[in-house]
Each structure stands twice: as structure tokens, then as C-alpha cells.
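*Asks:* Encoded as C-alpha cells, here's the structure I'll be asking about.
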Amino acid sequence: MVKVEKKFIAAFPGSFDPFHNGHLSTIISFLELHPEFFLYIIIGLNKEKQNTYAFSPEEKAFLVEKTIPEKYKKRIKIVLYSSIIADYLYEQNIQMFVKGIRNHQDFELESWTATVNSLFSGNPKTILIAQTDPQLINVSSDNLKNFTKWGLNAKYFASALTREALQLRLREQLLIGITGGMGTGKTTIAKKIQGLSEKNDDPKAIKIYHISLDELGKKIYSSDQTPRFLDIRKQVAKKFGADLLRKNTSVDTYKLGSIVFSASDKLEQLTEIILEPILYLLRKKLEETGKGIFIIEGANLVEQKLTFLFNENMILVKTDNATQAQRLKEKKFSEEQIKRRLKFQLSSENCLSAIKKMQKKEHYRLLIELDGTRNINENARELYKKLQDEYQKRANIIR
């Protein structure tokens with residue numbers, strides 16, 4: 001970030017372990033309200049707590065710098081400081097602290113802190129910025145870290161880069177979505193990569209796992225007697241027809257497919273019912289497996305707006321419609337079934353465009369395009385090496 005001379009300067013201090021969207025919202029609100037101000041983001045260096053932090057000071061500064069939108073960067077400077085922050089303000093002739101508040105507890109704490117700070121040399125004042133976005137009311141660094149440890153959705157908590165960094169640091173997991181229409185070859189490629197990983201006995205190599213969301217769905221549609229899954233199957237039968245439920249309580253997925261692929265609204269209705277239990281099973285699978293690179297497959301990840309699950313890291317397998325249709329025919333799909341399924345999927349071009357649009361808002365997202373008609377072994381070997389390199393690069397945080 002460049003140094004810009006400004007008449008008015010304020011300071012926004014914190015441990016920022018890590019920097020989250022609540023912090024970002026406070027910064028943007030202040031800069032928008034006070035266009036004449038320049039802002040120092042001061043990352044406190046508390047040596048007593050350093051061993052409890054997820055990130056080093058330099059890593060924190062990197063995540064902050066990459067999260068700030070370009071339009072504000074010329075009005076911001078990031079500073080690492082190890083002593084009393086009020087003393088730094090005095091030395092730099094900075095007159096004001098900026099603090100964000102989410103609730104009355106924050107207000108009481110920051111009001112008391114403002115009183116104390118005003119007693120230091122230079123009598124610095126404090127401006128409090130209230131959080132008005134309901135999605136950010138409960139956002140904090142501690143909550144973000146806990147959500148990551150528990151595998152919960154932290155989409156609104158932080159940038160994709162920060163969420164990825166936390167997953168790598170706290171869970172040692174890199175999540176990547178693989179998508180493409182039915183019959184593009186994505187399942188074959190993902191399984192091949194997992195096979196290469198299983199055969200590699202190098203202890204330094206990161207294990208790669210393939211998880212299919214469709215396979216997780218099969219557990220829910222099966223005769224599994226887990227009360228929640230049984231209830232889900234009853235909801236499906238109630239919505240799409242009682243005859244879908246077999247005597248053993250499993251769902252006739254052949255009939256269900258014929259129904260939901262007849263109209264887009266029906267497919268959306270099914271997704272609304274089935275998505276939550278599928279994501280629950282995904283969370284449990286990741287928790288049980290532990291460290292690794294996870295290639296998570298779904299035909300409609302983009303259409304269902306699920307790319308956030310993988311922090312916008314995506315592999316797109318592209319194949320022409322004729323090849324897709326031939327492969328589905330080989331799997332015993334009827335001409336009518338093939339026509340319906342191809343109708344309800346995004347074209348490769350539209351899918352790629354949607355992924356790029358989402359990734360444009362973020363930093364250092366992974367996008368790999370594969371030709372599904374190319375030799376599977378060549379695709380798999382190249383992708384295996386690429387993913388190993390990506391894990392190491394991203395685990396280092398700063399790049």
C-alpha cells in the first residue's frame with residue numbers, strides 16, 4: 001500500500017486474528033463517512049499471546065491487505081506495533097481511534113477503553129462505528145475460528161482467502177469443488193486422482209480425497225433408519241408423490257429423477273429439501289477424514305450457488321453435448337432422460353463465466369479448466385501435481 005499524505009489521520013487497532021468482514025465493514029463505514037481521513041490499521045504485537053494466535057503478524061497483514069477493496073487502499077496503511085497503541089498515536093500525531101461496536105457489551109467496553117485512551121499523551125479521541133448489518137452482528141475472530149474448527153458455514157464472516165487460510169491452519173484441509181455437466185468425465189477424473197494419491201507412498205505428499213455429493217445423497221435416499229433421513233424421505237414423498245417411497249422406506253430415485261428434471265422449479269424444490277442433510281454428511285466426512293486435499297464433486301455446484309463451500313476454488317470439466325449424450329446413453333439413460341438432464345444444466349461457457357464472476361471479488365482463487373474428452377490419465381497426473389503444489393503454496397498463507 002502506498003503512503004499518502006493526509007491532513008486527518010485515524011487509527012483502527014486490533015489483533016485481527018484474523019481480519020473479518022466486521023472489521024472491513026467498520027473500515028468502509030468510517031472512510032465513507034469521513035472522505036477527508038486517512039486510516040492506519042494497527043496490528044498489535046502481543047508477545048504474551050503470540051503462541052495462541054492462528055497467524056503470525058506478517059500473515060495477518062497479508063490477509064488484511066488482500067481483503068481491502070482496491071478503491072480504499074490509497075487511504076490505508078497497515079502497521080505492526082508492539083507497544084502501547086496510544087503512544088504510537090502520540091508519536092505519529094494521530095488524534096483519533098476508530099472502533100466498531102456490535103452490541104451494548106461492545107459499547108460499554110469501548111466507552112471505557114476510550115476514556116482510558118484519552119488520558120494518554122495527546123488525549124486521543126475515539127469514534128465508535130455501530131454495526132448495522134444483521135449478518136455481521138455475531139461476526140468476531142473467535143467465532144470465525146470456532147466455526148472453522150466445527151466445519152460450519154462462515155460464508156458471511158470473512159473473505160474466501162481468509163476462510164481458506166483458517167481451514168488450512170486449523171484443519172489442514174484444502175477444499176476444491178469439481179463440476180461440469182452430467183457425462184463430462186468429472187467423476188472419472190476425481191476418482192483417478194484419488195487413486196494416484198492412494199498409490200503414492202511419499203510421506204510428504206498430501207492425501208487427496210474425492211467426495212461426491214450425489215453419493216452422499218444416496219445415503220439419504222436409501223433405507224437408512226436415521227430419524228432425520230427418514231423424515232427427509234417422507235418430505236420428498238409428500239412433495240413429489242407418495243409412490244416414490246418404497247416399502248423399505250427408500251426413495252425410488254429413478255422415478256424422482258423423471259419428475260424433478262421435468263421442470264426447473266421442481267429441481268429447486270428438491271434441492272431445498274435435500275441440501276441441508278447432504279451438507280451435514282459432507283461436514284461429518286471432512287471431520288472424520290482430517291488432513292488432506294478434498295475434491296468435492298457436484299453437477300450443479302454453480303447453479304445451486306454452492307461454490308462458497310470451497311472458498312470459490314473450482315475445477316471445471318468441459319465436454320461437448322454430443323459426448324455427454326453418448327456417455328449418458330452408455331449408462332442406460334433414455335433419450336428423453338438425456339434431453340431433460342442436458343436442458344437443466346448450464347453450458348460450459350455459462351458455467352465458466354459464473355465462476356469467474358464470483359472469483360473476481362476474491363484473491364488467489366483456484367480455477368482449473370479440464371477437457372473431459374482428453375486422455376483421463378494425462379488429465380489426472382497433471383492435476384495431481386498441480387493440487388500438491390497448490391496445497392503447499394496456500395498453506396504458507398503469504399504469496
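Chains: A, B, ... in order of the C-alpha cells. Residues: from 1 per chain. Ligands: from 1, in order shown.
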Just list the residues in segment 213-346 of chain A DSSP gives alpha helix (DSSP H) on the backbone, as number ranges by chain.
*Replies:* A: 213-221, 227-240, 253-260, 264-289, 321-330, 335-343
*Asks:* Could you pull out the strand (DSSP E) residues of segment 170-328 of chain A, going by DSSP on the backbone, and write them as a ChimeraX atom specification?
*Replies:* /A:173-179,208-212,292-297,314-318
*Asks:* For the atom pair atom CA of Glu164 of chain A and atom CA of Asn200 of chain A, what is the interatomic distance in Å to one decimal place?
*Replies:*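 That distance, rounded to one decimal, is 25.3 Å.
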*Asks:* Excluding Ile398 of chain A and any residue of its chain fewer than 4 positions from it, enumerate the residues within 8 Å of it, using only C-alpha atoms, and give them as JSON, numbers by chain.
*Replies:* {"A": [59, 62, 394]}
*Asks:* Emit the selected residues as a short mmCIF file (atom, residue, chain, number, x, y, z; two decimals), in the first residue's frame, including C-alpha atoms.
*Replies:*
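The resulting file, result.cif, is reproduced below:
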```cif
data_model
loop_
_atom_site.label_atom_id
_atom_site.label_comp_id
_atom_site.auth_asym_id
_atom_site.auth_seq_id
_atom_site.Cartn_x
_atom_site.Cartn_y
_atom_site.Cartn_z
CA GLU A 59 0.34 -13.26 7.80
CA PHE A 62 -1.16 -10.04 4.24
CA ARG A 394 -1.65 -21.87 0.11
#
```
*Asks:* Mind pulling up the distance from atom CA of Glu110 of chain A to atom CA of Ile85 of chain A?
*Replies:*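 Going from atom CA of Ile85 of chain A over to atom CA of Glu110 of chain A, I get 14.5 Å.
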*Asks:* May I have the residues within 8 Å of Thr132 of chain A as a list in words, using only C-alpha atoms and disregarding those fewer than 3 positions away in the same chain?
*Replies:*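 Neighbouring residues, sequence-local ones excluded: Arg102, Leu136 and Ile137 of chain A.
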*Asks:* So the first atom is atom CA of Asn300 of chain A and the second is atom CA of Ser250 of chain A; what is the distance between them in Å, to one decimal place?
*Replies:*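 For atom CA of Asn300 of chain A relative to atom CA of Ser250 of chain A, the distance reads 23.5 Å.
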*Asks:* Would you mind telling me which residue in A:Leu213, A:Ala165, A:Leu196, A:Ala205 lies nearest to Arg365 of chain A when using only C-alpha atoms?
*Replies:* A:Ala165
*Asks:* Write out as a ChimeraX atom specification each polymer residue whose atoms come within 12 Å of Leu328 of chain A, counting only C-alpha atoms; drop sequence neighbours fewer than 2 positions from it.
*Replies:* /A:181-185,321-326,330-342
*Asks:* Write the selection just made, keeping N, CA and C atoms, as a PDB file, in the first residue's frame?
*Replies:*
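In the end it all went to again_27.pdb:
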```pdb
ATOM      1  N   GLY A 181     -21.240 -30.604 -16.436  1.00  0.00           N
ATOM      2  CA  GLY A 181     -22.493 -31.306 -16.684  1.00  0.00           C
ATOM      3  C   GLY A 181     -22.359 -32.811 -16.538  1.00  0.00           C
ATOM      4  N   MET A 182     -23.515 -33.502 -16.550  1.00  0.00           N
ATOM      5  CA  MET A 182     -23.509 -34.956 -16.479  1.00  0.00           C
ATOM      6  C   MET A 182     -22.808 -35.516 -17.715  1.00  0.00           C
ATOM      7  N   GLY A 183     -21.933 -36.512 -17.481  1.00  0.00           N
ATOM      8  CA  GLY A 183     -21.250 -37.142 -18.597  1.00  0.00           C
ATOM      9  C   GLY A 183     -20.011 -36.409 -19.077  1.00  0.00           C
ATOM     10  N   THR A 184     -19.546 -35.402 -18.326  1.00  0.00           N
ATOM     11  CA  THR A 184     -18.347 -34.673 -18.754  1.00  0.00           C
ATOM     12  C   THR A 184     -17.068 -35.429 -18.391  1.00  0.00           C
ATOM     13  N   GLY A 185     -17.156 -36.356 -17.428  1.00  0.00           N
ATOM     14  CA  GLY A 185     -15.982 -37.118 -17.023  1.00  0.00           C
ATOM     15  C   GLY A 185     -15.409 -36.684 -15.693  1.00  0.00           C
ATOM     16  N   ASN A 321     -21.784 -31.383 -25.895  1.00  0.00           N
ATOM     17  CA  ASN A 321     -23.061 -32.056 -25.637  1.00  0.00           C
ATOM     18  C   ASN A 321     -23.153 -33.437 -26.277  1.00  0.00           C
ATOM     19  N   ALA A 322     -22.579 -33.577 -27.446  1.00  0.00           N
ATOM     20  CA  ALA A 322     -22.645 -34.868 -28.129  1.00  0.00           C
ATOM     21  C   ALA A 322     -21.936 -35.957 -27.322  1.00  0.00           C
ATOM     22  N   THR A 323     -20.763 -35.608 -26.770  1.00  0.00           N
ATOM     23  CA  THR A 323     -20.018 -36.569 -25.952  1.00  0.00           C
ATOM     24  C   THR A 323     -20.777 -36.882 -24.669  1.00  0.00           C
ATOM     25  N   GLN A 324     -21.351 -35.840 -24.057  1.00  0.00           N
ATOM     26  CA  GLN A 324     -22.150 -36.058 -22.849  1.00  0.00           C
ATOM     27  C   GLN A 324     -23.306 -37.004 -23.124  1.00  0.00           C
ATOM     28  N   ALA A 325     -24.026 -36.739 -24.203  1.00  0.00           N
ATOM     29  CA  ALA A 325     -25.186 -37.557 -24.541  1.00  0.00           C
ATOM     30  C   ALA A 325     -24.777 -39.013 -24.771  1.00  0.00           C
ATOM     31  N   GLN A 326     -23.653 -39.228 -25.450  1.00  0.00           N
ATOM     32  CA  GLN A 326     -23.187 -40.591 -25.721  1.00  0.00           C
ATOM     33  C   GLN A 326     -22.838 -41.309 -24.414  1.00  0.00           C
ATOM     34  N   GLU A 330     -24.593 -44.637 -22.707  1.00  0.00           N
ATOM     35  CA  GLU A 330     -23.860 -45.831 -22.271  1.00  0.00           C
ATOM     36  C   GLU A 330     -24.218 -46.224 -20.844  1.00  0.00           C
ATOM     37  N   LYS A 331     -24.706 -45.264 -20.077  1.00  0.00           N
ATOM     38  CA  LYS A 331     -25.141 -45.537 -18.697  1.00  0.00           C
ATOM     39  C   LYS A 331     -26.619 -45.917 -18.624  1.00  0.00           C
ATOM     40  N   LYS A 332     -27.196 -46.180 -19.787  1.00  0.00           N
ATOM     41  CA  LYS A 332     -28.577 -46.675 -19.890  1.00  0.00           C
ATOM     42  C   LYS A 332     -29.636 -45.608 -19.662  1.00  0.00           C
ATOM     43  N   PHE A 333     -29.282 -44.331 -19.818  1.00  0.00           N
ATOM     44  CA  PHE A 333     -30.294 -43.283 -19.781  1.00  0.00           C
ATOM     45  C   PHE A 333     -31.058 -43.293 -21.104  1.00  0.00           C
ATOM     46  N   SER A 334     -32.359 -43.062 -21.027  1.00  0.00           N
ATOM     47  CA  SER A 334     -33.164 -42.995 -22.239  1.00  0.00           C
ATOM     48  C   SER A 334     -32.927 -41.661 -22.946  1.00  0.00           C
ATOM     49  N   GLU A 335     -33.339 -41.582 -24.215  1.00  0.00           N
ATOM     50  CA  GLU A 335     -33.183 -40.348 -24.973  1.00  0.00           C
ATOM     51  C   GLU A 335     -33.890 -39.183 -24.288  1.00  0.00           C
ATOM     52  N   GLU A 336     -35.084 -39.457 -23.745  1.00  0.00           N
ATOM     53  CA  GLU A 336     -35.853 -38.409 -23.074  1.00  0.00           C
ATOM     54  C   GLU A 336     -35.145 -37.947 -21.800  1.00  0.00           C
ATOM     55  N   GLN A 337     -34.601 -38.896 -21.032  1.00  0.00           N
ATOM     56  CA  GLN A 337     -33.885 -38.547 -19.804  1.00  0.00           C
ATOM     57  C   GLN A 337     -32.638 -37.713 -20.120  1.00  0.00           C
ATOM     58  N   ILE A 338     -31.940 -38.099 -21.163  1.00  0.00           N
ATOM     59  CA  ILE A 338     -30.735 -37.358 -21.555  1.00  0.00           C
ATOM     60  C   ILE A 338     -31.104 -35.929 -21.948  1.00  0.00           C
ATOM     61  N   LYS A 339     -32.153 -35.800 -22.724  1.00  0.00           N
ATOM     62  CA  LYS A 339     -32.597 -34.482 -23.184  1.00  0.00           C
ATOM     63  C   LYS A 339     -32.953 -33.593 -22.007  1.00  0.00           C
ATOM     64  N   ARG A 340     -33.683 -34.163 -21.029  1.00  0.00           N
ATOM     65  CA  ARG A 340     -34.100 -33.376 -19.861  1.00  0.00           C
ATOM     66  C   ARG A 340     -32.907 -32.935 -19.033  1.00  0.00           C
ATOM     67  N   ARG A 341     -31.980 -33.838 -18.794  1.00  0.00           N
ATOM     68  CA  ARG A 341     -30.838 -33.513 -17.942  1.00  0.00           C
ATOM     69  C   ARG A 341     -29.926 -32.473 -18.581  1.00  0.00           C
ATOM     70  N   LEU A 342     -29.698 -32.605 -19.864  1.00  0.00           N
ATOM     71  CA  LEU A 342     -28.864 -31.612 -20.543  1.00  0.00           C
ATOM     72  C   LEU A 342     -29.538 -30.246 -20.587  1.00  0.00           C
TER      73      LEU A 342
END
```
*Asks:* Do you know which residues are at most 10 Å from segment 346-357 of chain A counting only C-alpha atoms, after dropping those on the same chain fewer than 4 positions away, and could you put them as number ranges by chain?
*Replies:* A: 179-181, 184, 299-303, 305, 307, 312-321, 342, 361-362, 365, 367, 369
*Asks:* Give me a file of those residues, with C-alpha atoms, as a JSON list (two decimals), in the first residue's frame.
*Replies:*
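Wrote it out as selection-v4.json, contents follow:
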```json
[["chain", "number", "residue", "atom", "x", "y", "z"],
["A", 179, "THR", "CA", -18.18, -29.55, -11.51],
["A", 180, "GLY", "CA", -19.41, -29.86, -15.07],
["A", 181, "GLY", "CA", -22.49, -31.31, -16.68],
["A", 184, "THR", "CA", -18.35, -34.67, -18.75],
["A", 299, "ALA", "CA", -23.01, -31.45, -11.20],
["A", 300, "ASN", "CA", -24.81, -28.26, -10.16],
["A", 301, "LEU", "CA", -22.43, -26.53, -7.77],
["A", 302, "VAL", "CA", -22.63, -23.27, -9.71],
["A", 303, "GLU", "CA", -26.38, -23.43, -10.34],
["A", 305, "LYS", "CA", -24.61, -21.34, -5.58],
["A", 307, "THR", "CA", -19.06, -22.56, -4.61],
["A", 312, "GLU", "CA", -14.51, -20.32, -4.60],
["A", 313, "ASN", "CA", -11.78, -22.83, -5.58],
["A", 314, "MET", "CA", -13.09, -24.69, -8.63],
["A", 315, "ILE", "CA", -12.23, -27.31, -11.24],
["A", 316, "LEU", "CA", -14.46, -27.21, -14.32],
["A", 317, "VAL", "CA", -14.58, -30.23, -16.62],
["A", 318, "LYS", "CA", -15.83, -29.26, -20.08],
["A", 319, "THR", "CA", -17.21, -31.61, -22.72],
["A", 320, "ASP", "CA", -19.40, -31.06, -25.78],
["A", 321, "ASN", "CA", -23.06, -32.06, -25.64],
["A", 342, "LEU", "CA", -28.86, -31.61, -20.54],
["A", 361, "LYS", "CA", -14.37, -10.45, -5.99],
["A", 362, "GLU", "CA", -11.71, -12.54, -4.25],
["A", 365, "ARG", "CA", -8.77, -18.36, -6.15],
["A", 367, "LEU", "CA", -9.70, -22.19, -11.36],
["A", 369, "GLU", "CA", -10.34, -25.96, -16.71]]
```
*Asks:* Which residues are near Pro134 of chain A? Cut-off 12 Å, only C-alpha atoms, ignore same chain within fewer than 5 positions. Put them as a PyMOL selection string.
*Replies:* chain A and resi 22+25+102-103+139+156-157
*Asks:* Generate the output file for the selected residues, C-alpha atoms, as a PDB file, in the first residue's frame.
*Replies:*
```pdb
ATOM      1  CA  GLY A  22     -16.994  -6.995  10.632  1.00  0.00           C
ATOM      2  CA  SER A  25     -17.448  -3.071   7.411  1.00  0.00           C
ATOM      3  CA  ARG A 102     -21.960  -4.686  17.595  1.00  0.00           C
ATOM      4  CA  ASN A 103     -23.973  -4.563  20.816  1.00  0.00           C
ATOM      5  CA  VAL A 139     -19.048 -11.886  13.499  1.00  0.00           C
ATOM      6  CA  TYR A 156     -20.518 -14.084   5.674  1.00  0.00           C
ATOM      7  CA  PHE A 157     -17.702 -13.940   8.223  1.00  0.00           C
TER       8      PHE A 157
END
```
